[in-house]
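Asks: Here you go, this is data-v8.cif (mmCIF, C-alpha atoms and all ligand atoms).
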data_my_file
#
loop_
_atom_site.label_atom_id
_atom_site.label_comp_id
_atom_site.auth_asym_id
_atom_site.auth_seq_id
_atom_site.Cartn_x
_atom_site.Cartn_y
_atom_site.Cartn_z
CA MET A 7 -153.20 -93.25 164.68
CA LYS A 8 -154.39 -89.67 164.35
CA LYS A 9 -157.00 -88.87 161.70
CA ILE A 10 -155.70 -87.41 158.44
CA ILE A 11 -158.29 -85.24 156.72
CA ASN A 12 -158.02 -81.79 155.23
CA ASN A 13 -159.26 -79.87 152.19
CA ASP A 14 -156.28 -80.79 150.00
CA ILE A 15 -156.41 -84.54 150.56
CA VAL A 16 -160.19 -84.62 150.15
CA ARG A 17 -159.99 -82.63 146.89
CA LEU A 18 -157.38 -85.05 145.54
CA VAL A 19 -159.38 -88.12 146.58
CA VAL A 20 -162.57 -86.81 144.96
CA SER A 21 -160.79 -85.84 141.76
CA ARG A 22 -159.08 -89.23 141.37
CA LEU A 23 -162.24 -91.18 142.17
CA LYS A 24 -164.24 -89.13 139.66
CA LYS A 25 -161.66 -89.91 136.98
CA ARG A 26 -161.81 -93.61 137.84
CA TYR A 27 -165.55 -94.09 138.48
CA GLY A 28 -167.15 -91.17 136.66
CA ASN A 29 -168.68 -87.81 137.47
CA GLU A 30 -172.18 -87.10 138.71
CA MET A 31 -173.04 -90.58 139.87
CA VAL A 32 -176.60 -91.46 140.85
CA THR A 33 -178.23 -94.13 142.96
CA SER A 34 -178.55 -97.55 141.36
CA LEU A 35 -181.95 -98.08 143.01
CA ARG A 36 -184.67 -98.22 140.36
CA HIS A 37 -187.39 -95.61 140.81
CA SER A 38 -189.59 -93.28 138.82
CA ASN A 39 -190.64 -90.77 141.50
CA PRO A 40 -189.61 -89.60 145.02
CA TRP A 41 -191.99 -92.04 146.76
CA GLU A 42 -190.60 -95.06 144.90
CA LEU A 43 -187.07 -93.93 145.75
CA LEU A 44 -187.98 -93.55 149.41
CA VAL A 45 -189.46 -97.06 149.50
CA ALA A 46 -186.49 -98.56 147.63
CA THR A 47 -184.03 -96.82 149.95
CA MET A 48 -185.86 -98.05 153.05
CA LEU A 49 -185.78 -101.57 151.59
CA SER A 50 -182.05 -101.33 150.87
CA ALA A 51 -181.03 -101.19 154.55
CA GLN A 52 -178.75 -104.19 155.06
CA SER A 53 -179.71 -105.49 151.59
CA GLN A 54 -178.00 -105.00 148.25
CA ASP A 55 -179.45 -102.56 145.73
CA SER A 56 -179.53 -105.36 143.15
CA GLN A 57 -181.76 -107.47 145.43
CA VAL A 58 -184.09 -104.50 145.94
CA ASN A 59 -184.20 -103.82 142.19
CA LYS A 60 -185.38 -107.38 141.60
CA ILE A 61 -188.51 -106.98 143.70
CA THR A 62 -189.59 -103.36 143.32
CA PRO A 63 -190.86 -103.37 139.68
CA LYS A 64 -193.56 -105.93 140.45
CA MET A 65 -194.49 -104.23 143.71
CA PHE A 66 -194.71 -100.74 142.15
CA LYS A 67 -196.85 -102.13 139.36
CA ARG A 68 -199.33 -103.46 141.92
CA TYR A 69 -199.19 -100.52 144.36
CA ARG A 70 -198.65 -97.23 142.54
CA THR A 71 -199.23 -94.37 144.96
CA VAL A 72 -198.57 -93.27 148.52
CA THR A 73 -202.27 -93.88 149.20
CA ASP A 74 -202.03 -97.46 147.91
CA PHE A 75 -199.26 -98.15 150.43
CA ALA A 76 -201.02 -96.30 153.26
CA LEU A 77 -204.00 -98.64 152.90
CA LEU A 78 -201.94 -101.85 153.07
CA LYS A 79 -201.56 -104.25 155.95
CA PRO A 80 -197.95 -105.26 156.69
CA VAL A 81 -198.65 -108.87 155.71
CA GLU A 82 -199.73 -107.77 152.21
CA LEU A 83 -196.50 -105.87 151.64
CA GLN A 84 -194.41 -108.66 153.13
CA ARG A 85 -195.42 -110.95 150.27
CA TYR A 86 -193.35 -108.79 147.94
CA ILE A 87 -190.33 -108.12 150.13
CA LYS A 88 -189.79 -111.29 152.14
CA THR A 89 -186.54 -112.14 150.33
CA LEU A 90 -184.96 -109.10 152.05
CA GLY A 91 -183.55 -108.96 155.56
CA LEU A 92 -185.63 -107.22 158.25
CA TYR A 93 -188.67 -107.40 155.96
CA ARG A 94 -191.22 -107.34 158.79
CA ASN A 95 -189.85 -104.09 160.20
CA LYS A 96 -189.41 -102.65 156.74
CA SER A 97 -193.03 -103.37 155.82
CA LYS A 98 -194.33 -101.63 158.95
CA ASN A 99 -192.06 -98.62 158.47
CA ILE A 100 -192.97 -98.17 154.80
CA ILE A 101 -196.72 -98.31 155.51
CA ASN A 102 -196.37 -95.93 158.47
CA ALA A 103 -194.25 -93.57 156.36
CA ALA A 104 -196.98 -93.55 153.69
CA ARG A 105 -199.62 -92.75 156.33
CA SER A 106 -197.48 -89.97 157.78
CA ILE A 107 -196.92 -88.47 154.30
CA LYS A 108 -200.67 -88.46 153.68
CA LYS A 109 -201.46 -86.99 157.05
CA ASN A 110 -198.68 -84.45 157.44
CA PHE A 111 -197.42 -83.65 153.94
CA ASN A 112 -200.50 -83.66 151.75
CA GLY A 113 -199.49 -86.96 150.16
CA LYS A 114 -196.13 -85.65 148.88
CA VAL A 115 -192.71 -86.87 150.00
CA PRO A 116 -191.21 -83.94 151.99
CA ASN A 117 -188.25 -82.23 150.33
CA SER A 118 -186.45 -81.17 153.51
CA MET A 119 -184.28 -82.97 156.04
CA GLU A 120 -186.59 -81.89 158.84
CA GLY A 121 -189.63 -83.33 157.07
CA MET A 122 -187.89 -86.55 156.07
CA LEU A 123 -186.76 -87.21 159.64
CA MET A 124 -190.38 -87.01 160.81
CA LEU A 125 -191.19 -90.15 158.81
CA PRO A 126 -191.17 -93.48 160.68
CA GLY A 127 -188.09 -95.56 159.89
CA VAL A 128 -186.28 -92.74 158.08
CA GLY A 129 -182.82 -91.74 159.35
CA ARG A 130 -180.26 -89.34 157.93
CA LYS A 131 -178.86 -91.86 155.46
CA THR A 132 -182.22 -92.55 153.80
CA ALA A 133 -183.11 -88.86 153.95
CA ASN A 134 -179.84 -87.85 152.27
CA VAL A 135 -180.26 -90.42 149.48
CA VAL A 136 -183.81 -89.30 148.70
CA LEU A 137 -183.15 -85.57 149.00
CA ALA A 138 -180.08 -85.77 146.74
CA ASN A 139 -181.40 -88.16 144.10
CA ALA A 140 -185.07 -87.17 143.94
CA PHE A 141 -184.84 -83.42 144.59
CA GLY A 142 -181.20 -82.46 143.96
CA ILE A 143 -181.01 -81.16 147.55
CA HIS A 144 -177.77 -81.72 149.46
CA ASP A 145 -178.40 -81.26 153.15
CA GLY A 146 -175.87 -83.84 154.23
CA ILE A 147 -173.90 -86.90 153.08
CA ALA A 148 -175.41 -90.40 153.01
CA ILE A 149 -173.11 -92.78 154.87
CA ASP A 150 -173.45 -96.51 154.25
CA THR A 151 -171.17 -99.39 155.25
CA HIS A 152 -168.81 -98.83 152.29
CA CYS A 153 -168.45 -95.16 153.26
CA ILE A 154 -167.61 -96.19 156.81
CA THR A 155 -164.92 -98.64 155.67
CA VAL A 156 -163.38 -96.32 153.10
CA SER A 157 -163.43 -93.21 155.34
CA ASN A 158 -161.67 -95.07 158.11
CA ARG A 159 -158.97 -96.46 155.84
CA LEU A 160 -158.43 -93.23 153.92
CA PHE A 161 -158.71 -90.64 156.66
CA LEU A 162 -158.10 -92.80 159.79
CA LEU A 163 -161.30 -91.42 161.33
CA ASP A 164 -161.44 -94.28 163.82
CA THR A 165 -165.22 -94.34 164.22
CA LYS A 166 -168.05 -96.45 162.86
CA ASP A 167 -170.67 -93.87 163.82
CA PRO A 168 -172.27 -92.72 160.52
CA GLU A 169 -173.27 -89.33 161.95
CA LYS A 170 -169.72 -88.56 163.12
CA ILE A 171 -168.32 -89.59 159.73
CA GLU A 172 -170.95 -87.50 157.94
CA ALA A 173 -170.11 -84.45 160.09
CA GLU A 174 -166.39 -84.87 159.42
CA LEU A 175 -166.83 -85.23 155.64
CA MET A 176 -169.21 -82.26 155.52
CA LYS A 177 -166.40 -80.06 156.86
CA TYR A 178 -164.04 -80.88 153.98
CA VAL A 179 -166.03 -82.08 150.95
CA LYS A 180 -167.41 -79.32 148.70
CA ARG A 181 -171.18 -79.12 149.04
CA SER A 182 -171.61 -79.72 145.31
CA ASP A 183 -169.89 -83.10 145.85
CA TRP A 184 -171.94 -84.21 148.88
CA GLY A 185 -174.07 -86.44 146.67
CA ASN A 186 -171.13 -87.66 144.60
CA ILE A 187 -168.90 -88.65 147.51
CA THR A 188 -171.37 -91.29 148.68
CA HIS A 189 -171.47 -92.94 145.26
CA LEU A 190 -167.72 -92.63 144.77
CA PHE A 191 -166.98 -94.31 148.10
CA ILE A 192 -169.54 -97.03 147.34
CA ALA A 193 -167.90 -97.62 143.94
CA LEU A 194 -164.44 -97.80 145.55
CA GLY A 195 -165.76 -100.02 148.35
CA ARG A 196 -167.33 -102.44 145.91
CA ASP A 197 -164.36 -102.43 143.57
CA VAL A 198 -161.11 -102.61 145.53
CA CYS A 199 -161.63 -101.45 149.13
CA THR A 200 -164.03 -104.12 150.32
CA ALA A 201 -164.72 -104.67 154.01
CA ARG A 202 -163.23 -108.16 153.89
CA ARG A 203 -160.21 -107.45 151.75
CA LYS A 204 -158.40 -104.50 150.21
CA PHE A 205 -156.78 -104.67 146.78
CA CYS A 206 -154.45 -101.69 147.18
CA GLY A 207 -152.35 -102.62 144.14
CA GLU A 208 -155.36 -101.85 141.92
CA CYS A 209 -156.50 -98.72 143.78
CA VAL A 210 -156.10 -95.21 142.32
CA LEU A 211 -155.45 -93.89 145.84
CA ARG A 212 -152.68 -96.31 146.75
CA ASP A 213 -149.93 -93.66 146.87
CA ILE A 214 -151.84 -91.28 149.16
CA CYS A 215 -153.82 -93.65 151.39
CA PRO A 216 -152.32 -94.20 154.86
CA SER A 217 -153.78 -97.74 154.97
CA SER A 218 -152.34 -98.74 151.59
CA THR A 219 -150.23 -101.87 151.40
CA GLU A 220 -148.81 -100.78 148.00
CA ARG A 221 -147.26 -97.34 147.92
CA SER A 222 -145.79 -97.38 144.39
S1 LIG B 1 -155.20 -97.89 148.99
FE1 LIG B 1 -156.08 -99.77 149.83
S2 LIG B 1 -156.90 -99.23 151.84
FE2 LIG B 1 -156.53 -97.32 150.72
S3 LIG B 1 -158.50 -96.83 149.74
FE3 LIG B 1 -157.31 -98.00 148.26
S4 LIG B 1 -157.90 -100.16 148.56
FE4 LIG B 1 -158.58 -98.99 150.36
#
Rewrite the coordinates I just gave you, this time as structure tokens.
Replies:
Amino acid sequence: MKKIINNDIVRLVVSRLKKRYGNEMVTSLRHSNPWELLVATMLSAQSQDSQVNKITPKMFKRYRTVTDFALLKPVELQRYIKTLGLYRNKSKNIINAARSIKKNFNGKVPNSMEGMLMLPGVGRKTANVVLANAFGIHDGIAIDTHCITVSNRLFLLDTKDPEKIEAELMKYVKRSDWGNITHLFIALGRDVCTARRKFCGECVLRDICPSSTERS
């Protein structure tokens, strides 16, 4: 089926989801500064935010600054994060990102897409989350697995490529909603439009969604 996406449908979707899940949503990852958010976001790849939130308070109490992380060996960090998937890779990437921030950005997390993408292990999704939630900068739209599922069902985009979905949404979603749309799609994806099953009868978009099983 052909994709269905235009300004009107996107505006309606955003407005209904805001009414259902709230306005101005923010990341559920616990953090108190841009560096902590960057680390938490890197840890959240293929892990749930709630799992990440269980381990980060203890870790951030022990290692407080970018320099603390830059001086670590992967095995030291792994002690804190080994309950998460891909923890060996994540530990290396976080330490290398800390070293790169010290070397190239004067110890401060960069506040631009270009700078973020220079960091080891940081892709557009992580960059978008950190830029939006730590700096209020919207340079793109963070696309996670919920966003992929929901975008395909709602707009029939027929792609799992996050960058293609991001580019498509950026054409139609108002820039001021670029941060919100991620959280709204995550809320919808967790609530009724899950990857394994859709509960269209309880969805606020059931009358306008082409994949709905309940049109009334
Ligand atoms: S109507 Fe069904 S398929 Fe469409 S967004 Fe809602 S839950 Fe998902």
Asks: For stretch 18-20 of chain A, work out the shell of residues within 10 Å, counting only C-alpha atoms and skipping chain neighbours fewer than 5 positions away, then give it as a VMD selection string.
Replies: chain A and resid 13 25 to 26 29 160 179 to 180 183 186 to 187 190 to 191 210 to 211 214 to 215
Asks: Mind dumping the selected residues with C-alpha atoms as a compact mmCIF listing (two decimals), keeping the file's coordinate frame?
Replies:
# COMPACT_ATOMS: atom_id res chain seq x y z
CA ASN A 13 -159.26 -79.87 152.19
CA LYS A 25 -161.66 -89.91 136.98
CA ARG A 26 -161.81 -93.61 137.84
CA ASN A 29 -168.68 -87.81 137.47
CA LEU A 160 -158.43 -93.23 153.92
CA VAL A 179 -166.03 -82.08 150.95
CA LYS A 180 -167.41 -79.32 148.70
CA ASP A 183 -169.89 -83.10 145.85
CA ASN A 186 -171.13 -87.66 144.60
CA ILE A 187 -168.90 -88.65 147.51
CA LEU A 190 -167.72 -92.63 144.77
CA PHE A 191 -166.98 -94.31 148.10
CA VAL A 210 -156.10 -95.21 142.32
CA LEU A 211 -155.45 -93.89 145.84
CA ILE A 214 -151.84 -91.28 149.16
CA CYS A 215 -153.82 -93.65 151.39
Asks: Atom CA of A:Leu175 and atom CA of A:Val16, how far apart in Å?
Replies: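 Between atom CA of A:Val16 and atom CA of A:Leu175 the gap is 8.6 Å.
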Asks: Sorted by chain and rising residue number, which residues of chain A lie within 12 Å of ligand LIG 1 (chain B), and what are their closest atom pairs and distances in Å to one decimal, counting only C-alpha atoms and all ligand atoms, as a Markdown table?
Replies:
| residue | atom | partner | partner_atom | distance |
| --- | --- | --- | --- | --- |
| A:Val19 | CA | B:LIG1 | S3 | 9.3 |
| A:Val20 | CA | B:LIG1 | S3 | 11.8 |
| A:Arg22 | CA | B:LIG1 | FE3 | 11.3 |
| A:Leu23 | CA | B:LIG1 | S3 | 10.2 |
| A:His152 | CA | B:LIG1 | FE4 | 10.4 |
| A:Cys153 | CA | B:LIG1 | S3 | 10.7 |
| A:Ile154 | CA | B:LIG1 | FE4 | 11.4 |
| A:Thr155 | CA | B:LIG1 | FE4 | 8.3 |
| A:Val156 | CA | B:LIG1 | S3 | 5.9 |
| A:Ser157 | CA | B:LIG1 | S3 | 8.3 |
| A:Asn158 | CA | B:LIG1 | S2 | 8.9 |
| A:Arg159 | CA | B:LIG1 | S2 | 5.3 |
| A:Leu160 | CA | B:LIG1 | S3 | 5.5 |
| A:Phe161 | CA | B:LIG1 | FE2 | 9.2 |
| A:Leu162 | CA | B:LIG1 | FE2 | 10.3 |
| A:Leu190 | CA | B:LIG1 | S3 | 11.3 |
| A:Phe191 | CA | B:LIG1 | S3 | 9.0 |
| A:Ile192 | CA | B:LIG1 | S3 | 11.3 |
| A:Ala193 | CA | B:LIG1 | S3 | 11.1 |
| A:Leu194 | CA | B:LIG1 | S3 | 7.3 |
| A:Gly195 | CA | B:LIG1 | FE4 | 7.5 |
| A:Arg196 | CA | B:LIG1 | S4 | 10.1 |
| A:Asp197 | CA | B:LIG1 | S4 | 8.5 |
| A:Val198 | CA | B:LIG1 | S4 | 5.0 |
| A:Cys199 | CA | B:LIG1 | S4 | 4.0 |
| A:Thr200 | CA | B:LIG1 | FE4 | 7.5 |
| A:Ala201 | CA | B:LIG1 | FE4 | 9.1 |
| A:Arg202 | CA | B:LIG1 | FE4 | 10.9 |
| A:Arg203 | CA | B:LIG1 | S4 | 8.3 |
| A:Lys204 | CA | B:LIG1 | S4 | 4.7 |
| A:Phe205 | CA | B:LIG1 | S4 | 5.0 |
| A:Cys206 | CA | B:LIG1 | FE1 | 3.7 |
| A:Gly207 | CA | B:LIG1 | S1 | 7.3 |
| A:Glu208 | CA | B:LIG1 | S4 | 7.3 |
| A:Cys209 | CA | B:LIG1 | FE3 | 4.6 |
| A:Val210 | CA | B:LIG1 | FE3 | 6.7 |
| A:Leu211 | CA | B:LIG1 | S1 | 5.1 |
| A:Arg212 | CA | B:LIG1 | S1 | 3.7 |
| A:Asp213 | CA | B:LIG1 | S1 | 7.1 |
| A:Ile214 | CA | B:LIG1 | S1 | 7.4 |
| A:Cys215 | CA | B:LIG1 | FE2 | 4.6 |
| A:Pro216 | CA | B:LIG1 | FE2 | 6.7 |
| A:Ser217 | CA | B:LIG1 | S2 | 4.7 |
| A:Ser218 | CA | B:LIG1 | S1 | 4.0 |
| A:Thr219 | CA | B:LIG1 | FE1 | 6.4 |
| A:Glu220 | CA | B:LIG1 | S1 | 7.1 |
| A:Arg221 | CA | B:LIG1 | S1 | 8.0 |
| A:Ser222 | CA | B:LIG1 | S1 | 10.5 |
Asks: Between A:Ser97, A:Asn110, A:Asn59, A:Thr188, which one has atoms that come closest to A:Ser34, using all atoms listed in the file?
Replies: A:Asn59
Asks: Looking at all atoms listed in the file, which of A:Thr47, A:Thr165, A:Asn95, A:Thr73 is the one that sits closest to A:Lys9?
Replies: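 Of the candidates, the smallest distance to A:Lys9 is held by A:Thr165.
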Asks: Find the residues around A:Gln84 up to 8 Å (all atoms listed in the file counted), leave out those fewer than 3 positions away in its own chain, and share them as a compact mmCIF listing (two decimals) with C-alpha atoms, in the frame of the given file.
Replies:
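Result saved to out.txt:
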# COMPACT_ATOMS: atom_id res chain seq x y z
CA PRO A 80 -197.95 -105.26 156.69
CA VAL A 81 -198.65 -108.87 155.71
CA ILE A 87 -190.33 -108.12 150.13
CA LYS A 88 -189.79 -111.29 152.14
CA TYR A 93 -188.67 -107.40 155.96
CA ARG A 94 -191.22 -107.34 158.79
CA SER A 97 -193.03 -103.37 155.82
Asks: When distances are computed from all atoms listed in the file, which of A:Met31, A:Ala76, A:Ala103, A:Ala140 shows the smallest separation from A:Ser118?
Replies: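 The closest residue to A:Ser118 is A:Ala140.
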Asks: Starting from the incomplete input, reconstruct N, CA and C atoms of stretch 98-120 of chain A and write that as a PDB file, in the frame of the given file.
Replies:
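Output contents, as saved in selection.pdb:
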ATOM      1  N   LYS A  98    -193.610-102.533 158.018  1.00  0.00           N
ATOM      2  CA  LYS A  98    -194.330-101.630 158.950  1.00  0.00           C
ATOM      3  C   LYS A  98    -193.880-100.181 158.735  1.00  0.00           C
ATOM      4  N   ASN A  99    -192.572 -99.986 158.633  1.00  0.00           N
ATOM      5  CA  ASN A  99    -192.060 -98.620 158.470  1.00  0.00           C
ATOM      6  C   ASN A  99    -192.544 -97.967 157.179  1.00  0.00           C
ATOM      7  N   ILE A 100    -192.555 -98.741 156.092  1.00  0.00           N
ATOM      8  CA  ILE A 100    -192.970 -98.170 154.800  1.00  0.00           C
ATOM      9  C   ILE A 100    -194.457 -97.767 154.860  1.00  0.00           C
ATOM     10  N   ILE A 101    -195.282 -98.629 155.418  1.00  0.00           N
ATOM     11  CA  ILE A 101    -196.720 -98.310 155.510  1.00  0.00           C
ATOM     12  C   ILE A 101    -196.930 -97.099 156.429  1.00  0.00           C
ATOM     13  N   ASN A 102    -196.216 -97.072 157.554  1.00  0.00           N
ATOM     14  CA  ASN A 102    -196.370 -95.930 158.470  1.00  0.00           C
ATOM     15  C   ASN A 102    -195.832 -94.634 157.849  1.00  0.00           C
ATOM     16  N   ALA A 103    -194.769 -94.769 157.054  1.00  0.00           N
ATOM     17  CA  ALA A 103    -194.250 -93.570 156.360  1.00  0.00           C
ATOM     18  C   ALA A 103    -195.290 -93.054 155.373  1.00  0.00           C
ATOM     19  N   ALA A 104    -195.939 -93.969 154.650  1.00  0.00           N
ATOM     20  CA  ALA A 104    -196.980 -93.550 153.690  1.00  0.00           C
ATOM     21  C   ALA A 104    -198.122 -92.849 154.424  1.00  0.00           C
ATOM     22  N   ARG A 105    -198.518 -93.384 155.557  1.00  0.00           N
ATOM     23  CA  ARG A 105    -199.620 -92.750 156.330  1.00  0.00           C
ATOM     24  C   ARG A 105    -199.204 -91.372 156.828  1.00  0.00           C
ATOM     25  N   SER A 106    -197.955 -91.265 157.286  1.00  0.00           N
ATOM     26  CA  SER A 106    -197.480 -89.970 157.780  1.00  0.00           C
ATOM     27  C   SER A 106    -197.416 -88.940 156.634  1.00  0.00           C
ATOM     28  N   ILE A 107    -196.997 -89.396 155.452  1.00  0.00           N
ATOM     29  CA  ILE A 107    -196.920 -88.470 154.300  1.00  0.00           C
ATOM     30  C   ILE A 107    -198.318 -87.983 153.926  1.00  0.00           C
ATOM     31  N   LYS A 108    -199.283 -88.874 153.989  1.00  0.00           N
ATOM     32  CA  LYS A 108    -200.670 -88.460 153.680  1.00  0.00           C
ATOM     33  C   LYS A 108    -201.185 -87.473 154.710  1.00  0.00           C
ATOM     34  N   LYS A 109    -200.903 -87.806 155.980  1.00  0.00           N
ATOM     35  CA  LYS A 109    -201.460 -86.990 157.050  1.00  0.00           C
ATOM     36  C   LYS A 109    -200.749 -85.635 157.197  1.00  0.00           C
ATOM     37  N   ASN A 110    -199.433 -85.657 157.111  1.00  0.00           N
ATOM     38  CA  ASN A 110    -198.680 -84.450 157.440  1.00  0.00           C
ATOM     39  C   ASN A 110    -198.135 -83.667 156.246  1.00  0.00           C
ATOM     40  N   PHE A 111    -198.074 -84.318 155.085  1.00  0.00           N
ATOM     41  CA  PHE A 111    -197.420 -83.650 153.940  1.00  0.00           C
ATOM     42  C   PHE A 111    -198.293 -83.673 152.686  1.00  0.00           C
ATOM     43  N   ASN A 112    -199.585 -83.755 152.894  1.00  0.00           N
ATOM     44  CA  ASN A 112    -200.500 -83.660 151.750  1.00  0.00           C
ATOM     45  C   ASN A 112    -200.232 -84.718 150.680  1.00  0.00           C
ATOM     46  N   GLY A 113    -199.718 -85.855 151.100  1.00  0.00           N
ATOM     47  CA  GLY A 113    -199.490 -86.960 150.160  1.00  0.00           C
ATOM     48  C   GLY A 113    -198.207 -86.862 149.360  1.00  0.00           C
ATOM     49  N   LYS A 114    -197.377 -85.819 149.653  1.00  0.00           N
ATOM     50  CA  LYS A 114    -196.130 -85.650 148.880  1.00  0.00           C
ATOM     51  C   LYS A 114    -194.921 -85.921 149.773  1.00  0.00           C
ATOM     52  N   VAL A 115    -193.942 -86.621 149.246  1.00  0.00           N
ATOM     53  CA  VAL A 115    -192.710 -86.870 150.000  1.00  0.00           C
ATOM     54  C   VAL A 115    -192.076 -85.520 150.344  1.00  0.00           C
ATOM     55  N   PRO A 116    -191.774 -85.257 151.633  1.00  0.00           N
ATOM     56  CA  PRO A 116    -191.210 -83.940 151.990  1.00  0.00           C
ATOM     57  C   PRO A 116    -189.835 -83.733 151.365  1.00  0.00           C
ATOM     58  N   ASN A 117    -189.558 -82.493 150.954  1.00  0.00           N
ATOM     59  CA  ASN A 117    -188.250 -82.230 150.330  1.00  0.00           C
ATOM     60  C   ASN A 117    -187.345 -81.430 151.259  1.00  0.00           C
ATOM     61  N   SER A 118    -187.375 -81.792 152.549  1.00  0.00           N
ATOM     62  CA  SER A 118    -186.450 -81.170 153.510  1.00  0.00           C
ATOM     63  C   SER A 118    -185.991 -82.237 154.494  1.00  0.00           C
ATOM     64  N   MET A 119    -184.809 -82.016 155.054  1.00  0.00           N
ATOM     65  CA  MET A 119    -184.280 -82.970 156.040  1.00  0.00           C
ATOM     66  C   MET A 119    -185.227 -83.060 157.234  1.00  0.00           C
ATOM     67  N   GLU A 120    -185.700 -81.917 157.686  1.00  0.00           N
ATOM     68  CA  GLU A 120    -186.590 -81.890 158.840  1.00  0.00           C
ATOM     69  C   GLU A 120    -187.839 -82.748 158.586  1.00  0.00           C
TER      70      GLU A 120
END
